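Colleague: run.cif is reproduced below (mmCIF, C-alpha atoms).
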data_protein
loop_
_atom_site.label_atom_id
_atom_site.label_comp_id
_atom_site.auth_asym_id
_atom_site.auth_seq_id
_atom_site.Cartn_x
_atom_site.Cartn_y
_atom_site.Cartn_z
CA MET A 1 7.21 9.47 11.90
CA LYS A 2 4.56 12.10 12.55
CA LEU A 3 2.71 12.23 15.83
CA LEU A 4 -0.54 11.45 13.99
CA THR A 5 0.91 8.09 12.95
CA HIS A 6 2.36 7.51 16.41
CA ASN A 7 -1.08 8.09 17.91
CA MET A 8 -2.52 5.26 15.81
CA LEU A 9 0.40 2.81 16.07
CA THR A 10 0.27 -0.14 18.46
CA SER A 11 2.56 -3.02 19.29
CA HIS A 12 1.46 -6.27 17.60
CA VAL A 13 3.77 -8.62 19.45
CA ARG A 14 2.10 -11.94 20.31
CA GLY A 15 0.81 -12.16 23.85
CA VAL A 16 0.18 -8.46 24.32
CA ARG A 17 -3.28 -7.82 25.81
CA PRO A 18 -5.77 -6.09 23.51
CA GLY A 19 -5.09 -2.39 23.92
CA GLY A 20 -1.98 -3.18 25.97
CA GLY A 21 0.35 -2.28 23.15
CA PHE A 22 -0.76 1.36 23.08
CA PRO A 23 0.52 3.99 23.41
CA LEU A 24 4.11 3.28 22.51
CA ARG A 25 6.42 5.39 24.65
CA ILE A 26 8.73 7.59 22.58
CA GLN A 27 12.38 8.08 23.45
CA ALA A 28 13.51 10.46 20.73
CA THR A 29 17.08 11.49 19.97
CA GLU A 30 16.19 13.57 16.93
CA VAL A 31 13.01 15.48 16.20
CA LYS A 32 12.27 17.49 13.07
CA VAL A 33 9.70 20.22 12.59
CA SER A 34 8.47 20.89 9.06
CA ASN A 35 5.82 22.93 7.29
CA VAL A 36 2.72 21.11 6.18
CA GLU A 37 -0.24 22.75 4.45
CA PHE A 38 -3.04 23.38 6.92
CA ASN A 39 -6.36 21.76 6.09
CA PRO A 40 -8.88 22.49 8.86
CA ARG A 41 -11.37 19.88 7.63
CA PHE A 42 -8.81 17.10 7.77
CA VAL A 43 -7.72 18.09 11.27
CA ALA A 44 -11.33 18.35 12.50
CA ARG A 45 -12.05 14.88 11.09
CA MET A 46 -8.98 13.31 12.70
CA ILE A 47 -9.56 14.73 16.19
CA PRO A 48 -12.31 12.21 17.14
CA LYS A 49 -9.97 9.36 16.11
CA VAL A 50 -7.04 10.69 18.11
CA GLU A 51 -6.38 9.42 21.62
CA TRP A 52 -6.09 12.85 23.19
CA ARG A 53 -4.16 11.97 26.34
CA ALA A 54 -1.66 9.90 24.40
CA LEU A 55 -1.15 12.80 21.99
CA VAL A 56 -0.51 15.29 24.78
CA GLU A 57 1.85 12.84 26.50
CA ALA A 58 3.79 12.23 23.29
CA ALA A 59 4.03 15.92 22.39
CA GLU A 60 5.17 16.74 25.89
CA SER A 61 7.85 14.04 25.87
CA LEU A 62 9.25 15.60 22.69
CA GLY A 63 9.11 19.10 24.15
CA HIS A 64 6.66 20.21 21.46
CA LEU A 65 3.45 20.55 23.40
CA SER A 66 2.96 24.04 21.85
CA ASN A 67 0.21 25.18 24.22
CA LEU A 68 -1.99 22.23 23.40
CA PRO A 69 -4.68 21.93 26.12
CA HIS A 70 -4.59 18.78 28.25
CA GLU A 71 -8.30 18.29 27.75
CA LEU A 72 -10.09 18.40 24.43
CA PRO A 73 -12.31 21.55 24.29
CA PRO A 74 -15.98 20.77 23.53
CA GLU A 75 -16.50 23.03 20.49
CA TYR A 76 -13.44 22.72 18.30
CA GLU A 77 -14.73 22.39 14.72
CA ASN A 78 -14.70 26.13 14.10
CA ASN A 79 -11.95 27.09 16.50
CA ASP A 80 -9.28 27.95 13.92
CA ASP A 81 -6.66 28.75 16.53
CA PHE A 82 -7.08 25.40 18.21
CA LEU A 83 -7.16 23.48 14.92
CA ARG A 84 -3.91 25.09 13.88
CA LYS A 85 -2.25 24.00 17.12
CA VAL A 86 -3.50 20.46 16.61
CA HIS A 87 -2.36 20.53 12.99
CA HIS A 88 1.12 21.54 14.10
CA VAL A 89 1.43 18.79 16.66
CA LEU A 90 -0.10 16.03 14.53
CA LEU A 91 1.50 16.72 11.17
CA GLU A 92 4.49 19.01 11.58
CA VAL A 93 6.41 17.35 14.41
CA GLU A 94 8.32 14.26 13.28
CA VAL A 95 10.49 11.84 15.20
CA MET A 96 13.52 11.10 13.01
CA GLU A 97 15.67 9.00 15.35
CA GLY A 98 14.77 7.23 18.55
CA VAL A 99 13.00 4.25 20.04
CA LEU A 100 9.37 3.24 20.57
CA LYS A 101 8.70 1.11 23.64
CA CYS A 102 5.72 -1.20 24.04
CA PRO A 103 4.11 -0.45 27.44
CA ASP A 104 3.03 -4.07 27.98
CA SER A 105 5.98 -6.16 26.80
CA GLY A 106 8.79 -3.60 27.00
CA ARG A 107 9.80 -4.54 23.49
CA GLU A 108 11.65 -1.73 21.71
CA PHE A 109 11.13 -0.66 18.11
CA PRO A 110 13.94 1.53 16.76
CA ILE A 111 13.24 4.56 14.55
CA THR A 112 15.81 5.43 11.87
CA LYS A 113 15.48 8.22 9.29
CA GLY A 114 11.92 8.68 10.47
CA ILE A 115 11.01 5.05 9.78
CA PRO A 116 9.96 2.84 12.72
CA ASN A 117 11.17 -0.74 12.38
CA MET A 118 8.23 -2.95 13.35
CA LEU A 119 9.68 -6.22 12.03
CA LEU A 120 9.05 -9.05 14.49
CA SER A 121 11.09 -12.16 15.16
CA LYS A 122 9.56 -15.61 14.73
CA GLU A 123 8.92 -15.94 18.48
CA GLU A 124 6.94 -12.71 18.59
CA THR A 125 4.33 -13.60 15.97
CA MET B 126 7.05 0.46 -15.44
CA ILE B 127 6.55 3.63 -13.44
CA GLU B 128 3.72 4.66 -15.74
CA ILE B 129 1.86 1.38 -15.13
CA GLN B 130 2.31 1.69 -11.36
CA THR B 131 0.84 5.18 -11.43
CA GLN B 132 -2.07 4.04 -13.59
CA MET B 133 -2.83 1.20 -11.18
CA SER B 134 -2.61 3.58 -8.23
CA GLU B 135 -5.12 5.91 -9.92
CA ARG B 136 -7.46 3.04 -10.56
CA ALA B 137 -7.09 1.71 -7.00
CA VAL B 138 -7.88 5.09 -5.47
CA GLU B 139 -10.82 5.42 -7.86
CA LEU B 140 -12.14 2.04 -6.69
CA LEU B 141 -11.90 3.21 -3.07
CA GLY B 142 -14.95 5.36 -3.72
CA LEU B 143 -13.89 8.06 -1.26
CA PRO B 144 -16.24 11.02 -0.80
CA ASP B 145 -15.42 13.97 -3.10
CA ASP B 146 -13.23 16.78 -1.84
CA GLN B 147 -12.57 15.21 1.50
CA PRO B 148 -8.98 14.63 2.59
CA CYS B 149 -8.68 11.13 4.05
CA PHE B 150 -6.16 9.07 6.02
CA LEU B 151 -5.13 6.05 3.96
CA LEU B 152 -2.88 3.00 4.30
CA ASP B 153 -0.61 1.93 1.44
CA VAL B 154 0.35 -1.73 1.84
CA GLY B 155 3.64 -2.59 0.14
CA CYS B 156 4.30 1.08 -0.62
CA GLY B 157 7.85 0.44 -1.85
CA SER B 158 9.53 3.63 -3.10
CA GLY B 159 6.32 5.59 -2.71
CA LEU B 160 5.07 5.74 -6.30
CA SER B 161 1.47 5.04 -5.32
CA GLY B 162 1.89 7.21 -2.23
CA ASP B 163 2.82 10.18 -4.42
CA TYR B 164 -0.46 9.81 -6.28
CA ILE B 165 -2.38 9.59 -3.01
CA SER B 166 -0.69 12.81 -1.84
CA GLU B 167 -1.57 14.47 -5.14
CA GLU B 168 -5.21 13.69 -4.46
CA GLY B 169 -4.93 15.59 -1.19
CA HIS B 170 -4.94 12.65 1.23
CA HIS B 171 -2.55 11.79 4.03
CA TRP B 172 -1.15 8.28 4.12
CA VAL B 173 0.99 5.76 5.93
CA GLY B 174 2.98 3.21 3.94
CA MET B 175 4.23 -0.21 5.01
CA ASP B 176 6.91 -2.24 3.27
CA ILE B 177 9.22 -5.11 4.17
CA SER B 178 12.16 -3.76 2.17
CA SER B 179 14.29 -1.14 3.91
CA ALA B 180 16.10 -0.52 0.60
CA MET B 181 12.85 0.50 -1.07
CA LEU B 182 11.84 2.65 1.89
CA ASP B 183 15.22 4.39 1.73
CA VAL B 184 14.44 5.32 -1.86
CA ALA B 185 11.08 6.67 -0.69
CA VAL B 186 12.85 8.81 1.91
CA GLU B 187 15.21 10.15 -0.76
CA ARG B 188 12.24 10.96 -2.96
CA GLU B 189 10.84 12.92 -0.02
CA VAL B 190 7.41 11.33 -0.05
CA GLU B 191 4.82 12.99 2.15
CA GLY B 192 3.49 9.89 3.83
CA ASP B 193 4.92 8.22 6.91
CA LEU B 194 6.79 4.99 6.25
CA ILE B 195 6.91 1.86 8.37
CA LEU B 196 9.32 -1.05 7.98
CA ALA B 197 7.15 -4.08 8.65
CA ASP B 198 6.02 -7.51 7.46
CA ILE B 199 2.31 -7.37 6.65
CA GLY B 200 2.09 -11.11 7.37
CA HIS B 201 2.68 -10.23 11.03
CA GLY B 202 -0.37 -7.99 11.06
CA ILE B 203 -1.26 -4.32 10.63
CA PRO B 204 -0.16 -2.65 13.88
CA PHE B 205 -2.79 0.08 14.16
CA ARG B 206 -5.68 0.90 16.46
CA PRO B 207 -9.19 -0.13 15.35
CA GLY B 208 -10.83 2.20 12.85
CA THR B 209 -7.66 4.18 12.08
CA PHE B 210 -7.83 4.35 8.28
CA ASP B 211 -10.46 5.69 5.86
CA GLY B 212 -9.23 3.26 3.23
CA CYS B 213 -6.39 1.04 2.12
CA VAL B 214 -4.68 0.55 -1.23
CA SER B 215 -2.04 -1.91 -2.29
CA ILE B 216 -0.24 -2.21 -5.61
CA SER B 217 1.35 -5.55 -6.55
CA ALA B 218 2.12 -6.60 -2.98
CA VAL B 219 -0.42 -9.00 -1.50
CA GLN B 220 0.54 -11.98 -3.66
CA TRP B 221 3.91 -12.05 -1.85
CA LEU B 222 2.12 -13.32 1.26
CA CYS B 223 1.70 -16.60 -0.60
CA ASN B 224 5.47 -16.94 -0.96
CA ALA B 225 6.26 -17.57 2.71
CA ASP B 226 9.25 -19.89 3.05
CA GLN B 227 8.98 -23.25 4.87
CA LYS B 228 10.35 -21.98 8.16
CA THR B 229 7.72 -19.33 8.75
CA HIS B 230 3.95 -19.61 9.14
CA SER B 231 1.95 -21.10 6.33
CA PRO B 232 0.60 -18.71 3.66
CA PRO B 233 -3.05 -19.12 4.75
CA LYS B 234 -2.07 -18.18 8.31
CA ARG B 235 -0.13 -15.12 7.16
CA LEU B 236 -2.93 -14.11 4.81
CA TYR B 237 -5.50 -14.43 7.59
CA ARG B 238 -3.33 -12.48 10.04
CA PHE B 239 -2.95 -9.72 7.41
CA PHE B 240 -6.64 -9.54 6.51
CA SER B 241 -8.01 -9.79 10.04
CA THR B 242 -5.77 -7.02 11.37
CA LEU B 243 -6.40 -4.91 8.26
CA TYR B 244 -10.15 -5.33 8.78
CA SER B 245 -9.79 -4.05 12.31
CA ALA B 246 -7.57 -1.12 11.36
CA LEU B 247 -10.11 0.17 8.82
CA ALA B 248 -13.02 2.43 9.72
CA ARG B 249 -16.57 1.07 9.30
CA GLY B 250 -17.87 1.70 5.81
CA SER B 251 -14.41 2.00 4.27
CA ARG B 252 -12.73 -0.18 1.63
CA ALA B 253 -9.48 -1.89 0.87
CA VAL B 254 -8.50 -2.09 -2.81
CA LEU B 255 -5.62 -4.47 -3.41
CA GLN B 256 -4.16 -4.82 -6.90
CA LEU B 257 -2.35 -8.11 -7.24
CA TYR B 258 -0.86 -10.61 -9.69
CA PRO B 259 -2.22 -14.02 -8.69
CA GLU B 260 -0.09 -16.90 -9.90
CA ASN B 261 -3.19 -18.93 -10.78
CA SER B 262 -6.87 -19.19 -9.89
CA GLU B 263 -6.14 -21.38 -6.83
CA GLN B 264 -3.97 -18.65 -5.36
CA LEU B 265 -6.61 -16.00 -6.05
CA GLU B 266 -9.21 -18.22 -4.36
CA LEU B 267 -6.97 -18.75 -1.34
CA ILE B 268 -6.40 -15.01 -0.94
CA THR B 269 -10.09 -14.15 -1.38
CA ALA B 270 -11.16 -16.90 1.04
CA GLN B 271 -8.91 -15.59 3.82
CA ALA B 272 -10.21 -12.06 3.23
CA MET B 273 -13.81 -13.25 3.56
CA ARG B 274 -12.93 -15.25 6.69
CA ALA B 275 -11.59 -12.05 8.21
CA GLY B 276 -14.97 -10.39 7.78
CA PHE B 277 -14.62 -8.49 4.53
CA THR B 278 -17.31 -8.52 1.84
CA GLY B 279 -16.69 -7.63 -1.79
CA GLY B 280 -14.91 -9.46 -4.56
CA VAL B 281 -12.47 -9.35 -7.44
CA VAL B 282 -12.74 -6.69 -10.15
CA VAL B 283 -10.90 -7.71 -13.32
CA ASP B 284 -10.09 -4.84 -15.68
CA TYR B 285 -9.66 -5.68 -19.38
CA PRO B 286 -10.35 -9.39 -18.83
CA ASN B 287 -9.82 -10.25 -22.49
CA SER B 288 -6.46 -8.59 -22.95
CA ALA B 289 -3.44 -10.61 -21.87
CA LYS B 290 -1.37 -7.45 -21.65
CA ALA B 291 -3.76 -5.10 -19.86
CA LYS B 292 -5.60 -7.53 -17.59
CA LYS B 293 -5.46 -6.39 -13.96
CA PHE B 294 -6.89 -7.93 -10.80
CA PHE B 295 -8.21 -5.67 -8.03
CA LEU B 296 -9.43 -7.30 -4.84
CA CYS B 297 -12.11 -4.86 -3.61
CA LEU B 298 -12.95 -5.43 0.03
CA PHE B 299 -15.66 -3.66 2.02
CA VAL B 300 -15.77 -3.19 5.75
CA GLY B 301 -19.43 -3.50 6.67
CA GLY B 302 -21.98 -3.48 3.85
CA GLY B 303 -20.36 -1.75 0.89
CA GLY B 304 -22.96 -2.21 -1.79
CA PRO B 305 -22.40 -3.55 -5.30
CA LEU B 306 -18.95 -4.36 -6.67
CA PRO B 307 -17.52 -1.55 -8.85
CA LYS B 308 -17.70 -2.11 -12.60
CA ALA B 309 -14.61 -3.43 -14.33
CA LEU B 310 -12.97 -1.56 -17.20
CA GLY B 311 -12.88 -2.93 -20.71
CA ALA B 312 -15.42 -5.64 -20.02
CA GLU B 313 -17.63 -4.78 -22.98
CA CYS B 314 -14.95 -4.69 -25.66
CA THR B 315 -14.08 -8.19 -26.85
CA ASP B 316 -10.63 -6.94 -27.70
CA GLY B 317 -10.01 -5.47 -24.26
CA GLU B 318 -8.10 -2.22 -24.49
CA GLU B 319 -7.42 -2.57 -28.20
CA SER B 320 -9.97 -0.39 -29.94
CA GLN B 321 -12.37 -1.69 -32.52
CA GLN B 322 -11.10 0.71 -35.14
CA ALA B 323 -8.80 -0.51 -37.85
CA ARG B 324 -5.16 0.29 -37.39
CA PHE B 325 -3.52 1.76 -40.47
CA THR B 326 0.16 1.36 -40.30
CA LYS B 327 3.07 1.10 -42.69
CA GLU B 328 4.60 -1.68 -40.60
CA ARG B 329 5.06 -4.90 -42.46
CA THR B 330 2.74 -7.63 -41.22
CA ARG B 331 5.78 -9.88 -40.96
CA PHE B 332 6.52 -8.52 -37.46
CA ARG B 333 3.02 -7.84 -36.17
CA ASN B 334 -0.13 -9.82 -36.69
CA VAL B 335 -3.58 -8.27 -37.14
CA GLN B 336 -4.26 -7.91 -33.39
CA GLY B 337 -1.15 -5.78 -32.95
CA LYS B 338 0.66 -8.50 -31.07
CA SER B 339 4.09 -9.81 -32.00
CA VAL B 340 4.17 -12.92 -34.14
CA LYS B 341 4.34 -15.92 -31.81
CA LYS B 342 7.80 -17.27 -31.03
CA SER B 343 9.65 -14.34 -32.59
CA ARG B 344 12.35 -12.59 -30.56
CA ASP B 345 9.99 -9.67 -29.86
CA TRP B 346 7.37 -12.07 -28.59
CA VAL B 347 9.89 -13.80 -26.30
CA LEU B 348 11.08 -10.46 -24.88
CA GLU B 349 7.51 -9.25 -24.31
CA LYS B 350 6.56 -12.48 -22.61
CA LYS B 351 9.55 -12.26 -20.30
CA GLU B 352 8.68 -8.65 -19.44
CA ARG B 353 5.10 -9.67 -18.68
CA ARG B 354 6.28 -12.41 -16.35
CA ARG B 355 8.63 -9.98 -14.61
CA ARG B 356 5.71 -7.63 -13.98
CA GLN B 357 3.88 -10.53 -12.43
CA GLY B 358 6.72 -10.95 -10.01
CA LYS B 359 7.94 -14.27 -11.42
CA GLU B 360 11.57 -15.30 -11.62
CA VAL B 361 12.87 -14.61 -15.15
CA ARG B 362 16.39 -14.99 -16.54
CA ALA B 363 18.13 -11.84 -17.63
CA ASP B 364 17.92 -10.90 -21.29
CA THR B 365 21.14 -11.50 -23.21
CA ARG B 366 22.10 -11.43 -26.87
CA TYR B 367 21.15 -15.11 -27.01
CA THR B 368 17.56 -14.45 -25.92
CA GLY B 369 15.15 -15.59 -28.61
CA ARG B 370 17.95 -16.26 -31.10
CA ARG B 371 17.26 -18.45 -34.07
CA ARG B 372 18.09 -22.02 -33.26
CA ARG B 373 19.28 -24.72 -35.66
CA PRO B 374 16.51 -26.59 -37.52
CA ARG B 375 16.94 -29.50 -35.05
CA PHE B 376 14.79 -27.53 -32.54
#
Can you turn what I pasted into structure tokens?

Modeller:
Amino acid sequence: MKLLTHNMLTSHVRGVRPGGGFPLRIQATEVKVSNVEFNPRFVARMIPKVEWRALVEAAESLGHLSNLPHELPPEYENNDDFLRKVHHVLLEVEVMEGVLKCPDSGREFPITKGIPNMLLSKEET
Amino acid sequence: MIEIQTQMSERAVELLGLPDDQPCFLLDVGCGSGLSGDYISEEGHHWVGMDISSAMLDVAVEREVEGDLILADIGHGIPFRPGTFDGCVSISAVQWLCNADQKTHSPPKRLYRFFSTLYSALARGSRAVLQLYPENSEQLELITAQAMRAGFTGGVVVDYPNSAKAKKFFLCLFVGGGGPLPKALGAECTDGEESQQARFTKERTRFRNVQGKSVKKSRDWVLEKKERRRRQGKEVRADTRYTGRRRRPRF
């Protein structure tokens, strides 16, 4: 699971307040770093959608912050250096094994082979 | 089978009407082993796939697909923040929401949960294109009604409506406005995908009739019909050496 996906994922357990299921806290036991082709336009388009603080928090918890600033710089569209850093954190860092924890309900979603298991029981839907 | 899946994926992405040369972030509902996802990657987009079968997702992992995979039941909702995706495609998956067993929620409830959360997870101005095999027109109406209830506009595009073999249903849903429904393929030809040119072949007419279809009730016809029903996701007995065998005159 890439950090881009993690930044968009919420808990959909019944009873969770709107927005209460985000961001899922990551407890990772295995992280993989890969090489993904850099596309500056894609990264620049995704940045407005990304929850910046949650991204920094997640990257930090995995030990892959890679000099990412804690605050989003105002002019980033043409800042190649910055876009590359964001690209690395969003698309090249993957959680392979671990657990995602819903901040509101405490419910845990395991991650195996990079796949988060978001299946809910009957009581949770 | 793989060829058809890829064709349907191409058509679904085409119907998404994404801007040219712009890499997007898409959702693949019922991604399975990642066949449609591979096509999406080829087109330069990033994607997230959801499927209820861990066996299928394992195959996708083995095939080293580029998208992220999520093990989930779409009837429980699409667990993403509002406006996450630039589009959504689905190949042969949504009709399964109508197959909920007695113990779980009713199909309309599951359908509504799916569509309402999908609507929220899509960016304004984007589309969801869902290829499906509806069991009958009532089922198609049920599915479409729940989609409209959830806020989508749009409708059903039927490619090759006159060809039993090539006919495909695409539910094209718009998030906010959307404009006219895309044009279906093969709607002008009365023969559907079969061309209007004469087919010259040395095959004896005994096994094929003029329209290129197998003679009704022959073994070929039975096998083709069973294959068609399998593609539609229906339960079909396995083919054996007794399939379509000649019965005694009493039949």

Colleague: Taking only C-alpha atoms into account, what are the residues of chain B at most 8 Å from chain A, put as a list in words?

Modeller: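 Per the criterion, chain B yields Gln147, Pro148, Cys149, Val173, Ile177, Val186, Asp193, Leu194, Ile195, Leu196, Ala197, Asp198, His201, Gly202, Ile203, Pro204, Phe205, Arg206, Gly208, Thr209 and Thr229 of chain B.
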
Colleague: Report the distance between atom CA of Gln357 of chain B and atom CA of Leu182 of chain B in Å, rounded to one decimal place.

Modeller: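 Computing the Euclidean distance for atom CA of Gln357 of chain B and atom CA of Leu182 of chain B yields 21.0 Å.
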
Colleague: Do a neighbour search on segment 258-265 of chain B at 8 Å with all atoms listed in the file, toss out local chain neighbours closer than 3 positions, and write the hits as a list in words.

Modeller: Ser217, Gln220, Cys223, Ile268, Thr269, Lys293, Phe294, Gln357 and Gly358 of chain B

Colleague: Near Val190 of chain B, within 7 Å and counting all atoms listed in the file, which residues show up once chain neighbours fewer than 3 positions away are dropped, as an NGL selection string?

Modeller: :B and (159 or 163 or 185-186)

Colleague: Could you turn the residues from that selection into a file that holds C-alpha atoms, as a short mmCIF file (atom, residue, chain, number, x, y, z; two decimals), in the coordinates of the input?

Modeller:
data_model
loop_
_atom_site.label_atom_id
_atom_site.label_comp_id
_atom_site.auth_asym_id
_atom_site.auth_seq_id
_atom_site.Cartn_x
_atom_site.Cartn_y
_atom_site.Cartn_z
CA GLY B 159 6.32 5.59 -2.71
CA ASP B 163 2.82 10.18 -4.42
CA ALA B 185 11.08 6.67 -0.69
CA VAL B 186 12.85 8.81 1.91
#

Colleague: Just the number, please: distance in Å from atom CA of Phe295 of chain B to atom CA of Ser179 of chain B, one decimal.

Modeller: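 One can read the atom CA of Phe295 of chain B to atom CA of Ser179 of chain B distance as 25.9 Å.
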
Colleague: Let me know the residues the PyMOL selection byres ((chain A and resi 93) around 9) catches in the file above, as a ChimeraX atom specification.

Modeller: /A:1-3,31-34,59,62,64,88-92,94-95

Colleague: With all atoms listed in the file as the counted atoms, please give the residues lying no more than 10 Å from Leu151 of chain B, apart from itself and same-chain residues fewer than 6 positions off, as a ChimeraX atom specification.

Modeller: /B:138,162,165-166,170-174,192,209-214,247,253

Colleague: Would you mind putting all heavy atoms back on segment 84-92 of chain A and writing the result as a PDB file, keeping the file's coordinate frame?

Modeller:
ATOM      1  N   ARG A  84      -5.280  24.870  14.353  1.00  0.00           N
ATOM      2  CA  ARG A  84      -3.910  25.090  13.880  1.00  0.00           C
ATOM      3  C   ARG A  84      -2.896  24.475  14.829  1.00  0.00           C
ATOM      4  O   ARG A  84      -1.889  23.912  14.410  1.00  0.00           O
ATOM      5  CB  ARG A  84      -3.622  26.587  13.713  1.00  0.00           C
ATOM      6  CG  ARG A  84      -4.093  27.113  12.400  1.00  0.00           C
ATOM      7  CD  ARG A  84      -3.756  28.564  12.160  1.00  0.00           C
ATOM      8  NE  ARG A  84      -4.489  29.053  11.014  1.00  0.00           N
ATOM      9  CZ  ARG A  84      -4.068  28.922   9.741  1.00  0.00           C
ATOM     10  NH1 ARG A  84      -2.913  28.370   9.484  1.00  0.00           N
ATOM     11  NH2 ARG A  84      -4.820  29.375   8.741  1.00  0.00           N
ATOM     12  N   LYS A  85      -3.169  24.591  16.127  1.00  0.00           N
ATOM     13  CA  LYS A  85      -2.250  24.000  17.120  1.00  0.00           C
ATOM     14  C   LYS A  85      -2.231  22.485  16.950  1.00  0.00           C
ATOM     15  O   LYS A  85      -1.181  21.851  16.980  1.00  0.00           O
ATOM     16  CB  LYS A  85      -2.717  24.333  18.546  1.00  0.00           C
ATOM     17  CG  LYS A  85      -2.465  25.744  18.972  1.00  0.00           C
ATOM     18  CD  LYS A  85      -2.565  25.885  20.492  1.00  0.00           C
ATOM     19  CE  LYS A  85      -2.791  27.352  20.847  1.00  0.00           C
ATOM     20  NZ  LYS A  85      -3.898  27.528  21.792  1.00  0.00           N
ATOM     21  N   VAL A  86      -3.419  21.911  16.777  1.00  0.00           N
ATOM     22  CA  VAL A  86      -3.500  20.460  16.610  1.00  0.00           C
ATOM     23  C   VAL A  86      -2.785  20.047  15.322  1.00  0.00           C
ATOM     24  O   VAL A  86      -2.049  19.061  15.288  1.00  0.00           O
ATOM     25  CB  VAL A  86      -4.971  19.995  16.569  1.00  0.00           C
ATOM     26  CG1 VAL A  86      -5.036  18.489  16.385  1.00  0.00           C
ATOM     27  CG2 VAL A  86      -5.699  20.399  17.838  1.00  0.00           C
ATOM     28  N   HIS A  87      -3.006  20.802  14.264  1.00  0.00           N
ATOM     29  CA  HIS A  87      -2.360  20.530  12.990  1.00  0.00           C
ATOM     30  C   HIS A  87      -0.845  20.491  13.161  1.00  0.00           C
ATOM     31  O   HIS A  87      -0.163  19.585  12.671  1.00  0.00           O
ATOM     32  CB  HIS A  87      -2.746  21.601  11.970  1.00  0.00           C
ATOM     33  CG  HIS A  87      -1.863  21.629  10.756  1.00  0.00           C
ATOM     34  ND1 HIS A  87      -2.056  20.801   9.665  1.00  0.00           N
ATOM     35  CD2 HIS A  87      -0.770  22.377  10.463  1.00  0.00           C
ATOM     36  CE1 HIS A  87      -1.130  21.044   8.754  1.00  0.00           C
ATOM     37  NE2 HIS A  87      -0.329  21.996   9.203  1.00  0.00           N
ATOM     38  N   HIS A  88      -0.336  21.472  13.902  1.00  0.00           N
ATOM     39  CA  HIS A  88       1.120  21.540  14.100  1.00  0.00           C
ATOM     40  C   HIS A  88       1.630  20.296  14.811  1.00  0.00           C
ATOM     41  O   HIS A  88       2.599  19.670  14.381  1.00  0.00           O
ATOM     42  CB  HIS A  88       1.480  22.798  14.887  1.00  0.00           C
ATOM     43  CG  HIS A  88       2.934  22.865  15.242  1.00  0.00           C
ATOM     44  ND1 HIS A  88       3.915  23.178  14.310  1.00  0.00           N
ATOM     45  CD2 HIS A  88       3.591  22.626  16.408  1.00  0.00           C
ATOM     46  CE1 HIS A  88       5.097  23.129  14.895  1.00  0.00           C
ATOM     47  NE2 HIS A  88       4.939  22.805  16.161  1.00  0.00           N
ATOM     48  N   VAL A  89       0.951  19.925  15.871  1.00  0.00           N
ATOM     49  CA  VAL A  89       1.430  18.790  16.660  1.00  0.00           C
ATOM     50  C   VAL A  89       1.270  17.464  15.911  1.00  0.00           C
ATOM     51  O   VAL A  89       2.140  16.602  15.942  1.00  0.00           O
ATOM     52  CB  VAL A  89       0.698  18.728  18.024  1.00  0.00           C
ATOM     53  CG1 VAL A  89       1.058  17.464  18.762  1.00  0.00           C
ATOM     54  CG2 VAL A  89       1.039  19.943  18.855  1.00  0.00           C
ATOM     55  N   LEU A  90       0.152  17.312  15.206  1.00  0.00           N
ATOM     56  CA  LEU A  90      -0.100  16.030  14.530  1.00  0.00           C
ATOM     57  C   LEU A  90       0.765  15.823  13.300  1.00  0.00           C
ATOM     58  O   LEU A  90       1.272  14.730  13.056  1.00  0.00           O
ATOM     59  CB  LEU A  90      -1.574  15.944  14.098  1.00  0.00           C
ATOM     60  CG  LEU A  90      -2.613  15.603  15.158  1.00  0.00           C
ATOM     61  CD1 LEU A  90      -3.999  15.586  14.507  1.00  0.00           C
ATOM     62  CD2 LEU A  90      -2.334  14.276  15.812  1.00  0.00           C
ATOM     63  N   LEU A  91       0.904  16.905  12.487  1.00  0.00           N
ATOM     64  CA  LEU A  91       1.500  16.720  11.170  1.00  0.00           C
ATOM     65  C   LEU A  91       2.853  17.369  10.957  1.00  0.00           C
ATOM     66  O   LEU A  91       3.523  17.088   9.974  1.00  0.00           O
ATOM     67  CB  LEU A  91       0.535  17.241  10.081  1.00  0.00           C
ATOM     68  CG  LEU A  91      -0.819  16.539  10.024  1.00  0.00           C
ATOM     69  CD1 LEU A  91      -1.735  17.248   9.037  1.00  0.00           C
ATOM     70  CD2 LEU A  91      -0.673  15.089   9.607  1.00  0.00           C
ATOM     71  N   GLU A  92       3.240  18.293  11.856  1.00  0.00           N
ATOM     72  CA  GLU A  92       4.490  19.010  11.580  1.00  0.00           C
ATOM     73  C   GLU A  92       5.636  18.597  12.483  1.00  0.00           C
ATOM     74  O   GLU A  92       6.769  18.986  12.244  1.00  0.00           O
ATOM     75  CB  GLU A  92       4.242  20.533  11.679  1.00  0.00           C
ATOM     76  CG  GLU A  92       3.309  21.023  10.570  1.00  0.00           C
ATOM     77  CD  GLU A  92       3.130  22.534  10.553  1.00  0.00           C
ATOM     78  OE1 GLU A  92       3.229  23.156  11.617  1.00  0.00           O
ATOM     79  OE2 GLU A  92       2.879  23.065   9.452  1.00  0.00           O
TER      80      GLU A  92
END
